>>> print(open('query_3.txt').read())   # compact mmCIF, C-alpha atoms
# COMPACT_ATOMS: atom_id res chain seq x y z
CA MET A 136 -59.99 25.86 -13.43
CA LYS A 137 -58.21 29.18 -13.03
CA ILE A 138 -55.08 29.60 -10.88
CA LEU A 139 -53.39 32.78 -9.68
CA PHE A 140 -49.70 32.05 -9.07
CA ILE A 141 -47.88 34.53 -6.79
CA THR A 142 -44.16 34.54 -6.08
CA ASP A 143 -41.11 36.79 -6.29
CA LEU A 144 -39.04 33.78 -7.40
CA TYR A 145 -40.08 34.06 -11.03
CA PRO A 146 -38.30 35.40 -14.14
CA VAL A 147 -40.03 38.48 -15.54
CA LYS A 148 -38.10 38.20 -18.79
CA GLU A 149 -36.76 35.18 -20.68
CA THR A 150 -33.26 36.71 -20.68
CA GLU A 151 -32.91 36.52 -16.88
CA THR A 152 -30.09 34.20 -15.83
CA THR A 153 -29.99 34.80 -12.07
CA THR A 154 -33.61 33.87 -11.26
CA PRO A 155 -34.31 30.13 -10.85
CA ARG A 156 -36.88 28.75 -13.30
CA THR A 157 -38.24 25.96 -11.11
CA LEU A 158 -41.53 27.71 -10.31
CA TYR A 159 -41.76 28.92 -13.88
CA ASP A 160 -41.64 25.26 -14.92
CA PHE A 161 -44.70 24.47 -12.78
CA VAL A 162 -46.68 27.25 -14.45
CA LYS A 163 -45.50 26.16 -17.87
CA GLY A 164 -46.48 22.55 -17.18
CA TRP A 165 -49.95 23.47 -15.94
CA ARG A 166 -50.57 25.67 -18.95
CA THR A 167 -49.48 22.84 -21.22
CA ASP A 168 -52.15 20.69 -19.54
CA GLY A 169 -54.79 23.33 -20.31
CA ILE A 170 -54.94 25.09 -16.94
CA ASP A 171 -55.50 28.87 -17.02
CA VAL A 172 -52.72 30.45 -14.92
CA ASP A 173 -51.98 34.13 -14.25
CA VAL A 174 -48.76 35.19 -12.54
CA ILE A 175 -48.10 38.05 -10.11
CA LYS A 176 -44.58 38.86 -8.96
CA PRO A 177 -44.63 40.98 -5.77
CA ASN A 178 -41.32 42.74 -5.27
CA PHE A 179 -39.97 44.65 -2.27
CA ILE A 180 -37.98 47.42 -3.92
CA LEU A 181 -35.31 47.63 -1.20
CA ASN A 182 -34.85 43.86 -1.31
CA SER A 183 -34.09 44.02 -5.04
CA PHE A 184 -31.15 46.32 -4.50
CA LEU A 185 -29.84 44.65 -1.35
CA ARG A 186 -29.73 41.28 -3.10
CA SER A 187 -28.76 42.59 -6.55
CA LYS A 188 -31.90 41.17 -8.12
CA PRO A 189 -33.21 42.38 -11.50
CA PHE A 190 -35.47 45.40 -11.05
CA TYR A 191 -38.52 46.15 -13.18
CA LYS A 192 -41.09 48.93 -12.95
CA THR A 193 -44.59 47.98 -11.86
CA GLY A 194 -46.46 46.71 -14.89
CA GLN A 195 -47.37 43.79 -17.12
CA TYR A 196 -44.49 41.93 -18.78
CA ASN A 197 -45.90 39.34 -21.14
CA ASP A 198 -47.67 36.94 -18.76
CA VAL A 199 -46.18 38.36 -15.53
CA LEU A 200 -47.62 41.26 -13.55
CA ASN A 201 -44.72 42.79 -11.60
CA ILE A 202 -45.84 44.85 -8.58
CA ASN A 203 -43.34 46.86 -6.55
CA TYR A 204 -43.76 47.76 -2.87
CA TRP A 205 -41.68 49.84 -0.50
CA THR A 206 -43.30 48.31 2.57
CA PRO A 207 -44.18 44.66 3.26
CA PHE A 208 -47.92 44.80 2.53
CA TRP A 209 -48.98 47.12 5.34
CA PHE A 210 -51.81 48.36 3.14
CA ASP A 211 -54.36 47.11 0.59
CA VAL A 212 -52.29 44.98 -1.81
CA LYS A 213 -55.10 44.98 -4.37
CA ARG A 214 -54.93 48.69 -5.14
CA LYS A 215 -51.96 48.33 -7.49
CA PHE A 216 -53.58 45.97 -9.94
CA SER A 217 -56.93 46.09 -11.69
CA CYS A 218 -57.46 42.43 -12.72
CA LYS A 219 -60.64 40.81 -11.45
CA LEU A 220 -60.11 38.24 -8.70
CA ASP A 221 -62.11 35.47 -10.35
CA TYR A 222 -59.68 32.66 -9.51
CA ASP A 223 -60.52 29.22 -8.16
CA ILE A 224 -57.31 28.94 -6.16
CA VAL A 225 -54.18 30.96 -5.44
CA VAL A 226 -50.81 29.18 -5.32
CA ALA A 227 -48.29 31.36 -3.48
CA HIS A 228 -44.57 30.67 -2.99
CA MET A 229 -41.94 32.37 -0.84
CA PRO A 230 -42.76 34.64 2.15
CA SER A 231 -43.76 37.67 0.06
CA GLY A 232 -46.05 35.56 -2.13
CA ILE A 233 -47.72 33.90 0.87
CA LEU A 234 -48.26 37.22 2.70
CA PHE A 235 -49.70 38.69 -0.50
CA ALA A 236 -52.09 35.77 -0.98
CA ASP A 237 -53.29 35.96 2.62
CA LYS A 238 -54.65 39.46 1.99
CA LEU A 239 -56.66 38.61 -1.14
CA GLY A 240 -59.54 36.82 0.55
CA LEU A 241 -59.25 33.80 -1.76
CA PRO A 242 -58.45 30.16 -0.92
CA PHE A 243 -54.74 29.60 -1.31
CA VAL A 244 -52.00 26.99 -1.15
CA ALA A 245 -48.76 28.17 0.49
CA GLY A 246 -45.51 26.98 -1.10
CA VAL A 247 -42.81 26.78 1.58
CA HIS A 248 -39.11 27.21 0.76
CA ASN A 249 -36.02 27.50 2.91
CA SER A 250 -36.63 31.28 3.04
CA ASP A 251 -39.91 30.65 4.86
CA LEU A 252 -38.14 28.52 7.47
CA GLU A 253 -35.67 31.35 8.03
CA VAL A 254 -38.52 33.80 8.64
CA LEU A 255 -40.09 31.33 11.08
CA THR A 256 -36.89 30.69 13.06
CA LYS A 257 -34.36 33.55 12.80
CA PRO A 258 -34.50 36.27 15.50
CA PHE A 259 -34.25 39.05 12.88
CA TYR A 260 -37.78 38.29 11.67
CA SER A 261 -39.39 37.82 15.08
CA ILE A 262 -40.69 41.39 15.48
CA HIS A 263 -43.11 41.36 12.58
CA PHE A 264 -42.74 38.87 9.75
CA ARG A 265 -42.76 35.65 11.77
CA LYS A 266 -46.18 36.28 13.28
CA ARG A 267 -47.69 37.29 9.95
CA LEU A 268 -46.24 34.32 8.08
CA LYS A 269 -47.37 31.89 10.78
CA THR A 270 -50.91 33.34 10.56
CA ALA A 271 -50.88 33.03 6.78
CA LEU A 272 -49.84 29.38 6.99
CA TYR A 273 -52.72 28.70 9.38
CA ASN A 274 -55.07 30.36 6.89
CA ALA A 275 -53.80 28.35 3.90
CA LYS A 276 -55.94 25.50 2.61
CA ALA A 277 -52.76 23.45 2.17
CA ILE A 278 -48.99 23.81 2.41
CA SER A 279 -46.73 22.54 -0.36
CA CYS A 280 -43.16 21.99 0.84
CA ARG A 281 -40.46 22.13 -1.80
CA SER A 282 -38.58 19.14 -0.40
CA TYR A 283 -38.93 16.27 2.06
CA VAL A 284 -36.41 17.97 4.33
CA ILE A 285 -38.37 21.24 4.41
CA ARG A 286 -41.58 19.36 5.23
CA GLU A 287 -39.89 17.57 8.14
CA LYS A 288 -38.49 20.85 9.49
CA LEU A 289 -41.82 22.66 9.17
CA ILE A 290 -43.73 19.89 10.93
CA LYS A 291 -41.15 19.87 13.71
CA LEU A 292 -41.85 23.57 14.23
CA PHE A 293 -45.61 23.27 13.83
CA PRO A 294 -46.89 19.69 14.23
CA GLU A 295 -50.45 20.91 13.69
CA PHE A 296 -49.65 21.62 10.02
CA GLU A 297 -48.86 17.98 9.21
CA PRO A 298 -52.37 16.99 7.97
CA LYS A 299 -52.38 19.69 5.32
CA THR A 300 -48.78 19.50 4.11
CA PHE A 301 -47.36 17.69 1.10
CA VAL A 302 -44.11 17.70 -0.86
CA ALA A 303 -43.96 19.44 -4.25
CA PRO A 304 -40.53 18.68 -5.75
CA SER A 305 -39.33 19.92 -9.10
CA GLY A 306 -38.54 17.70 -12.06
CA ILE A 307 -36.30 17.64 -15.09
CA ASP A 308 -36.96 17.17 -18.78
CA LYS A 309 -37.40 13.43 -19.31
CA ALA A 310 -35.68 13.75 -22.72
CA GLU A 311 -32.42 14.56 -20.90
CA ILE A 312 -32.27 11.32 -18.91
CA ILE A 313 -29.66 8.79 -19.94
CA GLN A 314 -28.61 5.47 -18.44
CA ARG A 315 -24.96 4.62 -17.99
CA ILE A 316 -22.59 3.12 -15.45
CA PRO A 317 -19.94 5.60 -14.22
CA CYS A 318 -16.48 4.93 -12.78
CA GLN A 319 -15.43 2.53 -15.52
CA ASN A 320 -11.86 3.76 -15.08
CA ARG A 321 -11.10 3.44 -11.37
CA GLY A 322 -7.62 4.86 -11.94
CA LYS A 323 -9.08 8.23 -12.97
CA ILE A 324 -12.43 9.02 -11.39
CA LYS A 325 -13.83 12.33 -12.58
CA VAL A 326 -15.44 14.36 -9.80
CA LEU A 327 -17.66 17.38 -10.53
CA THR A 328 -19.26 20.14 -8.53
CA CYS A 329 -21.38 22.98 -9.88
CA ALA A 330 -22.81 26.05 -8.16
CA ASN A 331 -22.77 29.80 -7.75
CA PHE A 332 -19.72 30.35 -5.60
CA LYS A 333 -21.14 31.18 -2.18
CA LYS A 334 -19.80 30.14 1.20
CA ARG A 335 -22.84 27.97 2.01
CA LYS A 336 -22.21 25.85 -1.09
CA ASN A 337 -19.07 24.46 0.64
CA ILE A 338 -17.14 24.03 -2.57
CA ASP A 339 -13.97 24.50 -0.55
CA LYS A 340 -14.79 21.27 1.29
CA VAL A 341 -14.95 19.37 -2.01
CA ILE A 342 -11.59 20.81 -3.10
CA GLU A 343 -9.99 19.93 0.23
CA ALA A 344 -11.43 16.41 0.07
CA CYS A 345 -9.97 15.78 -3.39
CA LYS A 346 -6.62 17.45 -2.78
CA GLY A 347 -3.80 14.93 -3.02
CA LEU A 348 -6.26 12.07 -3.49
CA GLU A 349 -4.70 9.68 -5.97
CA GLY A 350 -6.88 8.57 -8.87
CA PHE A 351 -9.33 11.49 -8.71
CA GLU A 352 -9.73 14.52 -10.97
CA LEU A 353 -11.89 17.47 -9.84
CA THR A 354 -13.69 19.94 -12.10
CA VAL A 355 -15.51 22.94 -10.61
CA ILE A 356 -18.26 24.56 -12.67
CA GLY A 357 -19.52 28.03 -11.82
CA ASP A 358 -18.30 31.44 -10.72
CA GLY A 359 -18.64 34.03 -7.98
CA LYS A 360 -16.86 36.47 -5.70
CA ILE A 361 -14.90 33.79 -3.84
CA ARG A 362 -13.48 32.17 -6.98
CA LYS A 363 -9.92 33.43 -6.45
CA SER A 364 -9.79 32.12 -2.89
CA LEU A 365 -11.10 28.73 -4.08
CA GLU A 366 -8.52 28.55 -6.86
CA LYS A 367 -5.74 29.04 -4.31
CA LEU A 368 -6.74 25.87 -2.43
CA ASP A 369 -5.48 23.50 -5.12
CA LYS A 370 -3.85 24.49 -8.41
CA ASN A 371 -4.65 21.06 -9.89
CA VAL A 372 -8.42 21.70 -9.87
CA LYS A 373 -9.97 22.69 -13.18
CA PHE A 374 -12.29 25.72 -13.01
CA THR A 375 -14.52 26.11 -16.06
CA GLY A 376 -16.40 29.26 -15.12
CA ARG A 377 -20.14 29.46 -15.78
CA LEU A 378 -21.42 27.15 -18.49
CA SER A 379 -24.69 26.90 -20.36
CA HIS A 380 -27.20 24.28 -19.27
CA ASP A 381 -26.29 22.04 -22.22
CA LYS A 382 -22.57 22.32 -21.46
CA VAL A 383 -23.14 21.46 -17.81
CA LEU A 384 -25.03 18.31 -18.82
CA GLU A 385 -22.22 17.45 -21.23
CA LYS A 386 -19.67 17.69 -18.40
CA MET A 387 -21.90 15.53 -16.20
CA ARG A 388 -22.18 12.86 -18.90
CA ASP A 389 -18.41 12.72 -18.99
CA GLY A 390 -18.10 12.68 -15.19
CA ASP A 391 -18.38 9.95 -12.59
CA VAL A 392 -19.25 11.57 -9.27
CA PHE A 393 -21.15 14.79 -8.57
CA ILE A 394 -20.78 16.35 -5.11
CA LEU A 395 -22.30 19.52 -3.70
CA PRO A 396 -22.29 19.58 0.14
CA SER A 397 -24.38 22.74 0.21
CA ILE A 398 -26.45 23.86 3.20
CA GLY A 399 -29.64 25.91 3.24
CA GLU A 400 -30.88 24.54 -0.07
CA THR A 401 -34.59 24.67 -0.84
CA PHE A 402 -34.27 21.82 -3.32
CA GLY A 403 -31.31 21.73 -5.69
CA MET A 404 -32.10 21.00 -9.32
CA VAL A 405 -28.43 20.42 -10.05
CA TYR A 406 -28.56 17.12 -8.12
CA LEU A 407 -31.37 15.81 -10.31
CA GLU A 408 -29.46 16.93 -13.39
CA ALA A 409 -26.40 15.00 -12.23
CA MET A 410 -28.50 11.89 -11.61
CA SER A 411 -30.10 12.26 -15.04
CA GLN A 412 -26.66 12.09 -16.65
CA GLY A 413 -25.57 8.95 -14.82
CA CYS A 414 -23.37 10.52 -12.14
CA ILE A 415 -23.12 9.04 -8.67
CA THR A 416 -24.66 11.95 -6.78
CA VAL A 417 -23.71 13.13 -3.29
CA CYS A 418 -25.66 15.76 -1.37
CA THR A 419 -25.73 17.04 2.20
CA LYS A 420 -27.43 15.01 4.91
CA ASP A 421 -30.72 16.60 6.02
CA ASP A 422 -30.60 19.21 3.28
CA GLY A 423 -31.51 19.72 -0.37
CA ILE A 424 -32.86 16.57 -1.99
CA ALA A 425 -32.08 14.27 0.93
CA GLY A 426 -35.13 12.04 0.96
CA ILE A 427 -34.89 11.58 -2.79
CA ILE A 428 -31.27 10.50 -2.48
CA LYS A 429 -31.02 7.62 -0.02
CA ASN A 430 -27.59 6.96 1.37
CA GLY A 431 -25.87 3.97 -0.22
CA GLU A 432 -28.97 3.06 -2.23
CA ASN A 433 -29.15 5.53 -5.14
CA GLY A 434 -26.44 7.98 -4.12
CA PHE A 435 -24.75 9.19 -0.95
CA LEU A 436 -25.42 11.66 1.85
CA THR A 437 -22.59 13.48 3.58
CA PHE A 438 -21.88 16.10 6.18
CA PRO A 439 -20.20 19.22 4.72
CA ILE A 440 -16.85 18.12 6.12
CA SER A 441 -13.88 17.44 3.84
CA ASN A 442 -12.83 14.23 5.65
CA GLU A 443 -16.35 12.81 5.34
CA ILE A 444 -16.46 13.62 1.64
CA ARG A 445 -13.07 12.00 1.17
CA LYS A 446 -14.32 8.80 2.83
CA ILE A 447 -17.25 8.64 0.40
CA LEU A 448 -14.94 9.12 -2.60
CA LEU A 449 -12.67 6.30 -1.45
CA ASN A 450 -15.70 4.11 -0.80
CA ILE A 451 -16.91 4.71 -4.36
CA LYS A 452 -13.50 3.89 -5.76
CA ASN A 453 -13.44 0.60 -3.86
CA MET A 454 -16.97 -0.53 -4.77
CA ASP A 455 -17.18 -3.82 -6.63
CA ASP A 456 -18.73 -3.83 -10.10
CA ASP A 457 -22.04 -5.35 -9.02
CA SER A 458 -22.55 -2.82 -6.23
CA LEU A 459 -21.76 0.01 -8.63
CA LYS A 460 -24.26 -1.31 -11.16
CA ILE A 461 -26.99 -1.60 -8.53
CA LEU A 462 -26.32 1.93 -7.27
CA SER A 463 -26.46 3.30 -10.83
CA TYR A 464 -29.62 1.36 -11.65
CA ASN A 465 -31.36 2.64 -8.52
CA SER A 466 -30.37 6.19 -9.38
CA PHE A 467 -31.74 5.76 -12.92
CA GLN A 468 -35.02 4.39 -11.57
CA THR A 469 -35.30 7.25 -9.08
CA ILE A 470 -34.75 10.04 -11.59
CA GLN A 471 -37.48 8.71 -13.86
CA ASN A 472 -39.97 9.52 -11.10
CA TYR A 473 -38.83 13.16 -11.03
CA THR A 474 -39.54 14.40 -14.52
CA SER A 475 -41.10 17.84 -14.95
CA ASP A 476 -44.35 16.51 -16.40
CA LYS A 477 -44.83 14.02 -13.53
CA CYS A 478 -44.03 16.62 -10.88
CA CYS A 479 -46.39 19.19 -12.41
CA LYS A 480 -49.24 16.69 -12.56
CA GLU A 481 -48.62 15.48 -9.01
CA TYR A 482 -48.56 19.05 -7.67
CA LEU A 483 -51.90 19.78 -9.33
CA GLN A 484 -53.41 16.54 -8.02
CA GLN A 485 -52.36 17.44 -4.48
CA ILE A 486 -53.98 20.86 -4.84
CA LEU A 487 -57.20 19.20 -5.99
CA ARG A 488 -57.01 16.70 -3.11
CA PHE A 489 -56.87 19.43 -0.50
CA CYS A 490 -59.31 21.69 -2.31
CA LYS A 491 -62.00 19.10 -3.08
CA ASP A 492 -64.47 21.62 -4.47
CA LEU A 493 -62.13 22.37 -7.39
CA THR A 494 -62.16 20.65 -10.78
CA PRO A 495 -59.28 20.73 -13.27
>>> encode(input="query_3.txt", output="structure tokens")
Amino acid sequence: MKILFITDLYPVKETETTTPRTLYDFVKGWRTDGIDVDVIKPNFILNSFLRSKPFYKTGQYNDVLNINYWTPFWFDVKRKFSCKLDYDIVVAHMPSGILFADKLGLPFVAGVHNSDLEVLTKPFYSIHFRKRLKTALYNAKAISCRSYVIREKLIKLFPEFEPKTFVAPSGIDKAEIIQRIPCQNRGKIKVLTCANFKKRKNIDKVIEACKGLEGFELTVIGDGKIRKSLEKLDKNVKFTGRLSHDKVLEKMRDGDVFILPSIGETFGMVYLEAMSQGCITVCTKDDGIAGIIKNGENGFLTFPISNEIRKILLNIKNMDDDSLKILSYNSFQTIQNYTSDKCCKEYLQQILRFCKDLTP
């Protein structure tokens, strides 16, 4: 079986720190299982500069073919690369990847992220992109949604897509999972949040929720342009700056509660990481990994409102020992179903299910 993987959400070089590696992990997992996978990264040049993304000239970089375009595929996309299109299936993620795949004349699976939902709903994209993306989704053999929330939103927009949609979540390294019971010291509950400092991450809501709350200690991991304004909200909050992956996990192992009331998340690997380290994990209702986290069962769901977050923190502090143990056990059981190897295998099995003429 030979797969062509197309997406602009892919690191061209190992040294990249600003490009998420979630899709890279799928490719890595499939290759480990013996699947032949080539990668194309289509890149709109103007988009790179507007969003301060790493820019590379068109060409082959190890196993990634980077192809730059000034215009959004208004011409033959195949003329910039010479590789033979002898693939069994194309897996395309993000709007640019899906539009690219739709012009190749090969069967493809469309991977839908929050960016795709924006193209399908925001007025800015209505003139051109929305129609083209909608057509491409109709042409796809199947649609893999990156979260349960995204699948629900897509089906609400286009109920006719439901029979060919499935969820393709990411997973974490199973070697990182530990089992422990947090909040052993109710007099000093350690709260964590971790993100690139953007307004939609709602870190300010976490700071406001914890401010003046007796028995809680907040640590904020990350950095960004709004850091100074966040630091002014409460001088008692500890800001660590950006930390390596290992250091983040270390902080999580020492923490009790992880909260990130972000909106507009495609998935949110940081939530799984927090669960893997034994933290009680809180995410936004109807966003991110809601659907994996079930309110009051293996974590908590909240609205991005400081008073709501505060209520959850006080509820956690007042939980009896048995309830806390059950919550932690359920979280531990959940995270074991979301390891990278399991998620890679499940994604491939779903592709094979919808493309029955393929063999691994």
>>> closest_residue(input="query_3.txt", among="A:Met454, A:Leu181, A:Val172, A:Leu252", to="Ile224 in chain A", atoms="only C-alpha atoms")
A:Val172
>>> closest_residue(input="query_3.txt", among="A:Phe259, A:Phe264, A:Asp422, A:Met387", to="Lys288 in chain A", atoms="all atoms listed in the file")
A:Asp422
>>> residues_near_point(input="query_3.txt", point="(-20.7, 5.9, 2.6)", cutoff="12 Å", atoms="all atoms listed in the file", output="list in words")
Ile415, Thr416, Val417, Cys418, Lys420, Lys429, Asn430, Gly431, Glu432, Asn433, Gly434, Phe435, Leu436, Thr437, Phe438, Asn442, Glu443, Ile444, Arg445, Lys446, Ile447, Leu448, Leu449, Asn450, Ile451, Lys452, Asn453 and Met454 of chain A
>>> residues_around(input="query_3.txt", residues="Ala236 in chain A", least_positions_apart="5", cutoff="7 Å", atoms="all atoms listed in the file", output="list in words")
Val225, Ala227 and Phe243 of chain A
>>> closest_residue(input="query_3.txt", among="A:Arg166, A:Lys367, A:Arg388, A:Lys336", to="Lys137 in chain A", atoms="all atoms listed in the file")
A:Arg166
>>> residues_around(input="query_3.txt", residues="range 484-489 of chain A", least_positions_apart="5", cutoff="10 Å", atoms="only C-alpha atoms", output="ChimeraX atom specification")
/A:224,226,243-244,276-279,298-303,478-479,494-495
>>> write_last_selection(input="query_3.txt", atoms="C-alpha atoms", output="PDB file, in the frame of the given file")
ATOM      1  CA  ILE A 224     -57.310  28.940  -6.160  1.00  0.00           C
ATOM      2  CA  VAL A 226     -50.810  29.180  -5.320  1.00  0.00           C
ATOM      3  CA  PHE A 243     -54.740  29.600  -1.310  1.00  0.00           C
ATOM      4  CA  VAL A 244     -52.000  26.990  -1.150  1.00  0.00           C
ATOM      5  CA  LYS A 276     -55.940  25.500   2.610  1.00  0.00           C
ATOM      6  CA  ALA A 277     -52.760  23.450   2.170  1.00  0.00           C
ATOM      7  CA  ILE A 278     -48.990  23.810   2.410  1.00  0.00           C
ATOM      8  CA  SER A 279     -46.730  22.540  -0.360  1.00  0.00           C
ATOM      9  CA  PRO A 298     -52.370  16.990   7.970  1.00  0.00           C
ATOM     10  CA  LYS A 299     -52.380  19.690   5.320  1.00  0.00           C
ATOM     11  CA  THR A 300     -48.780  19.500   4.110  1.00  0.00           C
ATOM     12  CA  PHE A 301     -47.360  17.690   1.100  1.00  0.00           C
ATOM     13  CA  VAL A 302     -44.110  17.700  -0.860  1.00  0.00           C
ATOM     14  CA  ALA A 303     -43.960  19.440  -4.250  1.00  0.00           C
ATOM     15  CA  CYS A 478     -44.030  16.620 -10.880  1.00  0.00           C
ATOM     16  CA  CYS A 479     -46.390  19.190 -12.410  1.00  0.00           C
ATOM     17  CA  THR A 494     -62.160  20.650 -10.780  1.00  0.00           C
ATOM     18  CA  PRO A 495     -59.280  20.730 -13.270  1.00  0.00           C
TER      19      PRO A 495
END
>>> closest_residue(input="query_3.txt", among="A:Lys373, A:Lys491, A:Lys480, A:Lys176", to="Pro304 in chain A", atoms="only C-alpha atoms")
A:Lys480
>>> closest_residue(input="query_3.txt", among="A:Lys360, A:Arg377, A:Arg321, A:Lys333", to="Pro396 in chain A", atoms="all atoms listed in the file")
A:Lys333
>>> residues_around(input="query_3.txt", residues="Gly390 in chain A", least_positions_apart="5", cutoff="10 Å", atoms="all atoms listed in the file", output="VMD selection string")
chain A and resid 317 to 318 324 to 327 352 to 354 384 to 385 409 412 to 415
>>> closest_residue(input="query_3.txt", among="A:Thr419, A:Ser463, A:Ser379, A:Asn331", to="Gly399 in chain A", atoms="only C-alpha atoms")
A:Thr419
>>> axis_aligned_box(input="query_3.txt", around="range 411-424 of chain A", padding_each_side="3 Å", output="AutoDock Vina command-line options")
--center_x -28.0 --center_y 14.3 --center_z -5.3 --size_x 15.7 --size_y 16.8 --size_z 28.7
